[in-house]
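Note: the block below is upload_24.cif and it holds mmCIF, C-alpha atoms.
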```cif
data_run
#
loop_
_atom_site.label_atom_id
_atom_site.label_comp_id
_atom_site.auth_asym_id
_atom_site.auth_seq_id
_atom_site.Cartn_x
_atom_site.Cartn_y
_atom_site.Cartn_z
CA MET A 1 21.38 -25.93 -38.52
CA SER A 2 21.82 -23.07 -36.06
CA ALA A 3 20.12 -22.94 -32.66
CA SER A 4 16.93 -20.92 -32.20
CA LYS A 5 16.89 -17.85 -29.95
CA THR A 6 14.83 -19.82 -27.45
CA GLU A 7 17.52 -22.51 -27.32
CA ILE A 8 20.36 -19.94 -27.07
CA ILE A 9 18.63 -18.07 -24.21
CA ALA A 10 17.54 -21.20 -22.32
CA SER A 11 21.05 -22.67 -22.61
CA HIS A 12 22.60 -19.45 -21.28
CA LEU A 13 20.16 -19.40 -18.36
CA ARG A 14 20.91 -23.05 -17.47
CA ASN A 15 24.67 -22.43 -17.73
CA SER A 16 24.26 -19.40 -15.44
CA GLY A 17 22.52 -21.47 -12.76
CA TYR A 18 18.89 -20.59 -13.48
CA ASP A 19 16.11 -23.11 -14.01
CA PRO A 20 14.22 -21.81 -17.05
CA SER A 21 10.90 -23.16 -18.28
CA ILE A 22 8.95 -22.37 -21.42
CA ASP A 23 5.25 -21.56 -21.21
CA GLU A 24 2.51 -22.33 -23.76
CA GLU A 25 3.13 -18.99 -25.52
CA GLY A 26 6.83 -19.71 -25.93
CA ASP A 27 8.02 -17.25 -23.27
CA ILE A 28 10.94 -18.35 -21.14
CA MET A 29 10.30 -18.03 -17.41
CA PHE A 30 12.95 -18.01 -14.67
CA GLU A 31 13.68 -16.41 -11.30
CA PHE A 32 16.39 -13.88 -10.57
CA ASP A 33 16.96 -13.40 -6.82
CA GLY A 34 13.42 -14.68 -6.19
CA TYR A 35 11.92 -12.30 -8.72
CA PRO A 36 10.03 -14.01 -11.60
CA LEU A 37 11.12 -12.81 -15.04
CA PHE A 38 10.05 -13.63 -18.57
CA ILE A 39 11.87 -13.49 -21.89
CA HIS A 40 9.89 -13.34 -25.10
CA PRO A 41 12.30 -14.86 -27.65
CA ASP A 42 10.58 -13.30 -30.72
CA GLU A 43 12.06 -15.70 -33.26
CA GLU A 44 10.89 -13.33 -36.05
CA ASP A 45 13.38 -10.63 -35.00
CA PRO A 46 16.87 -12.13 -34.89
CA GLN A 47 18.45 -9.20 -32.98
CA VAL A 48 16.02 -8.23 -30.21
CA LEU A 49 16.03 -9.42 -26.60
CA LYS A 50 12.75 -8.77 -24.75
CA LEU A 51 12.86 -9.31 -21.00
CA PHE A 52 10.09 -8.32 -18.58
CA GLY A 53 8.64 -8.79 -15.11
CA PHE A 54 5.65 -7.58 -13.13
CA ALA A 55 6.50 -4.90 -10.58
CA TRP A 56 3.10 -3.98 -9.17
CA ARG A 57 -0.49 -5.18 -9.19
CA SER A 58 -3.35 -3.20 -7.78
CA ASP A 59 -5.14 -4.81 -4.85
CA HIS A 60 -8.09 -2.46 -5.26
CA GLU A 61 -11.18 -4.07 -6.72
CA GLU A 62 -12.70 -0.87 -8.04
CA GLU A 63 -11.00 1.60 -10.29
CA ASP A 64 -8.95 4.08 -8.32
CA ASP A 65 -7.86 7.09 -10.34
CA SER A 66 -5.41 8.31 -7.69
CA GLU A 67 -3.61 4.95 -7.77
CA LEU A 68 -3.47 5.04 -11.57
CA ILE A 69 -2.08 8.57 -11.54
CA LEU A 70 0.53 7.55 -8.98
CA ALA A 71 1.44 4.48 -11.09
CA LEU A 72 2.03 6.67 -14.15
CA GLN A 73 4.14 9.11 -12.13
CA VAL A 74 6.18 6.29 -10.58
CA ALA A 75 6.68 4.72 -14.03
CA ASN A 76 7.97 7.99 -15.48
CA ASP A 77 10.26 8.62 -12.51
CA CYS A 78 11.77 5.12 -12.70
CA MET A 79 12.36 5.34 -16.45
CA ALA A 80 14.20 8.64 -15.94
CA LYS A 81 16.48 7.03 -13.33
CA HIS A 82 17.22 3.62 -14.89
CA SER A 83 18.99 3.39 -18.24
CA GLY A 84 17.54 0.95 -20.74
CA VAL A 85 14.48 0.03 -18.67
CA LYS A 86 10.87 0.70 -19.64
CA VAL A 87 8.13 0.90 -17.04
CA ILE A 88 4.67 0.28 -18.46
CA THR A 89 1.28 0.67 -16.80
CA LEU A 90 -1.30 -1.74 -18.18
CA PRO A 91 -5.11 -1.44 -18.26
CA SER A 92 -5.20 -4.62 -16.14
CA ARG A 93 -3.86 -2.43 -13.29
CA HIS A 94 -0.35 -3.91 -13.44
CA ILE A 95 2.99 -2.15 -13.73
CA VAL A 96 5.51 -4.03 -15.87
CA VAL A 97 9.24 -3.39 -16.09
CA ALA A 98 10.85 -4.35 -19.37
CA VAL A 99 14.11 -4.23 -21.29
CA GLU A 100 14.24 -4.49 -25.06
CA GLN A 101 17.69 -4.33 -26.61
CA PHE A 102 19.26 -5.26 -29.93
CA PHE A 103 22.33 -7.49 -30.21
CA GLU A 104 24.24 -8.36 -33.38
CA PRO A 105 25.07 -11.16 -33.44
CA PHE A 106 22.34 -12.09 -31.00
CA ASP A 107 24.44 -14.33 -28.78
CA THR A 108 26.46 -11.27 -27.68
CA PHE A 109 23.57 -10.54 -25.27
CA ARG A 110 25.49 -12.73 -22.79
CA GLY A 111 27.98 -9.91 -22.13
CA ALA A 112 25.25 -7.53 -20.90
CA PHE A 113 22.78 -10.04 -19.47
CA ASP A 114 23.76 -9.76 -15.78
CA ARG A 115 23.61 -5.96 -15.95
CA ILE A 116 20.21 -6.11 -17.66
CA LEU A 117 18.88 -8.43 -14.92
CA LYS A 118 20.14 -6.15 -12.15
CA ALA A 119 18.73 -3.01 -13.80
CA LEU A 120 15.35 -4.66 -14.28
CA LYS A 121 15.18 -5.94 -10.71
CA ASN A 122 16.37 -2.63 -9.23
CA CYS A 123 13.71 -0.75 -11.16
CA ALA A 124 10.99 -3.24 -10.16
CA GLU A 125 11.97 -2.95 -6.50
CA GLU A 126 11.89 0.83 -6.74
CA VAL A 127 8.42 0.74 -8.30
CA GLN A 128 7.20 -1.51 -5.48
CA GLU A 129 8.73 0.69 -2.77
CA MET A 130 7.37 3.89 -4.25
CA MET A 131 3.89 2.49 -4.80
CA GLU A 132 3.71 0.99 -1.32
CA SER A 133 5.10 3.96 0.58
CA ASP A 134 3.32 6.67 -1.39
CA TYR A 135 0.02 4.83 -1.56
CA ASP A 136 0.14 3.98 2.14
CA GLU A 137 0.81 7.65 2.96
CA ASP A 138 -2.11 8.62 0.73
CA ASP A 139 -4.40 6.16 2.54
CA ASP A 140 -3.53 7.74 5.90
CA ASP A 141 -4.98 11.10 4.85
CA GLU A 142 -7.62 10.56 2.19
CA ASP A 143 -8.90 14.16 2.42
CA GLU A 144 -5.72 15.76 1.09
CA ASP A 145 -4.87 15.93 -2.59
CA TYR A 146 -1.85 13.80 -3.41
CA GLU A 147 1.19 15.52 -4.88
CA PHE A 148 4.00 13.30 -6.10
CA ASP A 149 7.49 14.40 -5.11
CA PRO A 150 10.20 12.28 -6.78
CA GLU A 151 12.86 13.88 -4.54
CA SER A 152 11.20 12.35 -1.48
CA ASN A 153 12.00 8.82 -2.67
#
```

Structure translated into structure tokens:
Amino acid sequence: MSASKTEIIASHLRNSGYDPSIDEEGDIMFEFDGYPLFIHPDEEDPQVLKLFGFAWRSDHEEEDDSELILALQVANDCMAKHSGVKVITLPSRHIVVAVEQFFEPFDTFRGAFDRILKALKNCAEEVQEMMESDYDEDDDDEDEDYEFDPESN
């Protein structure tokens, strides 16, 4: 009997020095350089690796359209800069960074795993920096219309 994707991934993480845990939904959780990441093993698809982490969460209680617009702009800018990484804005006012890649056979993901982790973390850090710096600047002068300039970051 061959090992499940969950077992293959968890074993690789342990062998690489991480301390993975599995939540009630079957996602594998671990930290990379202090950044919490999740892998959804998707046992139904034998080739796909789905890795994600939360990059931003709104601290604003009420809906803020300017923050949402900025989040969408930041997401698009980061996806244009980082190969293989998706940046998703959720209705829950979160920005998620994700990587979904296919490997055949699946266990060959090990060869690209470190690069995937670094790309994901770099993109998440960029989202955080852009949201914090641009939103802070916007707060300083609430009367001016905000124009996003990706060259300024």

Just how far from CA of Leu51 in chain A is CA of Phe106 in chain A, in Å to one decimal?
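For CA of Phe106 in chain A relative to CA of Leu51 in chain A, the distance reads 14.1 Å.
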
Please write as a PyMOL selection string the full residue list that the PyMOL selection byres ((chain A and resi 30) around 12) yields on this file.
chain A and resi 9-10+12-14+16-23+27-29+31-40+51-53+117

Near-Met131 in chain A list (10 Å; only C-alpha atoms; drop same-chain fewer than 2 positions) as JSON, numbers by chain
{"A": [55, 56, 57, 58, 67, 70, 71, 73, 74, 75, 125, 126, 127, 128, 129, 133, 134, 135, 136, 137]}

Result set of the PyMOL selection byres ((chain A and resi 85-87) around 7) on the coordinates above, as a ChimeraX atom specification
/A:75,79,82-84,88-89,95-99,120

Can you work out the spacing between CA of Ile69 in chain A and CA of Glu132 in chain A in Å, to one decimal?
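If I compute the distance from CA of Ile69 in chain A to CA of Glu132 in chain A, I get 14.0 Å.
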
d(CA of Asn122 in chain A, CA of Leu49 in chain A) in Å:
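The value is 18.7 Å.
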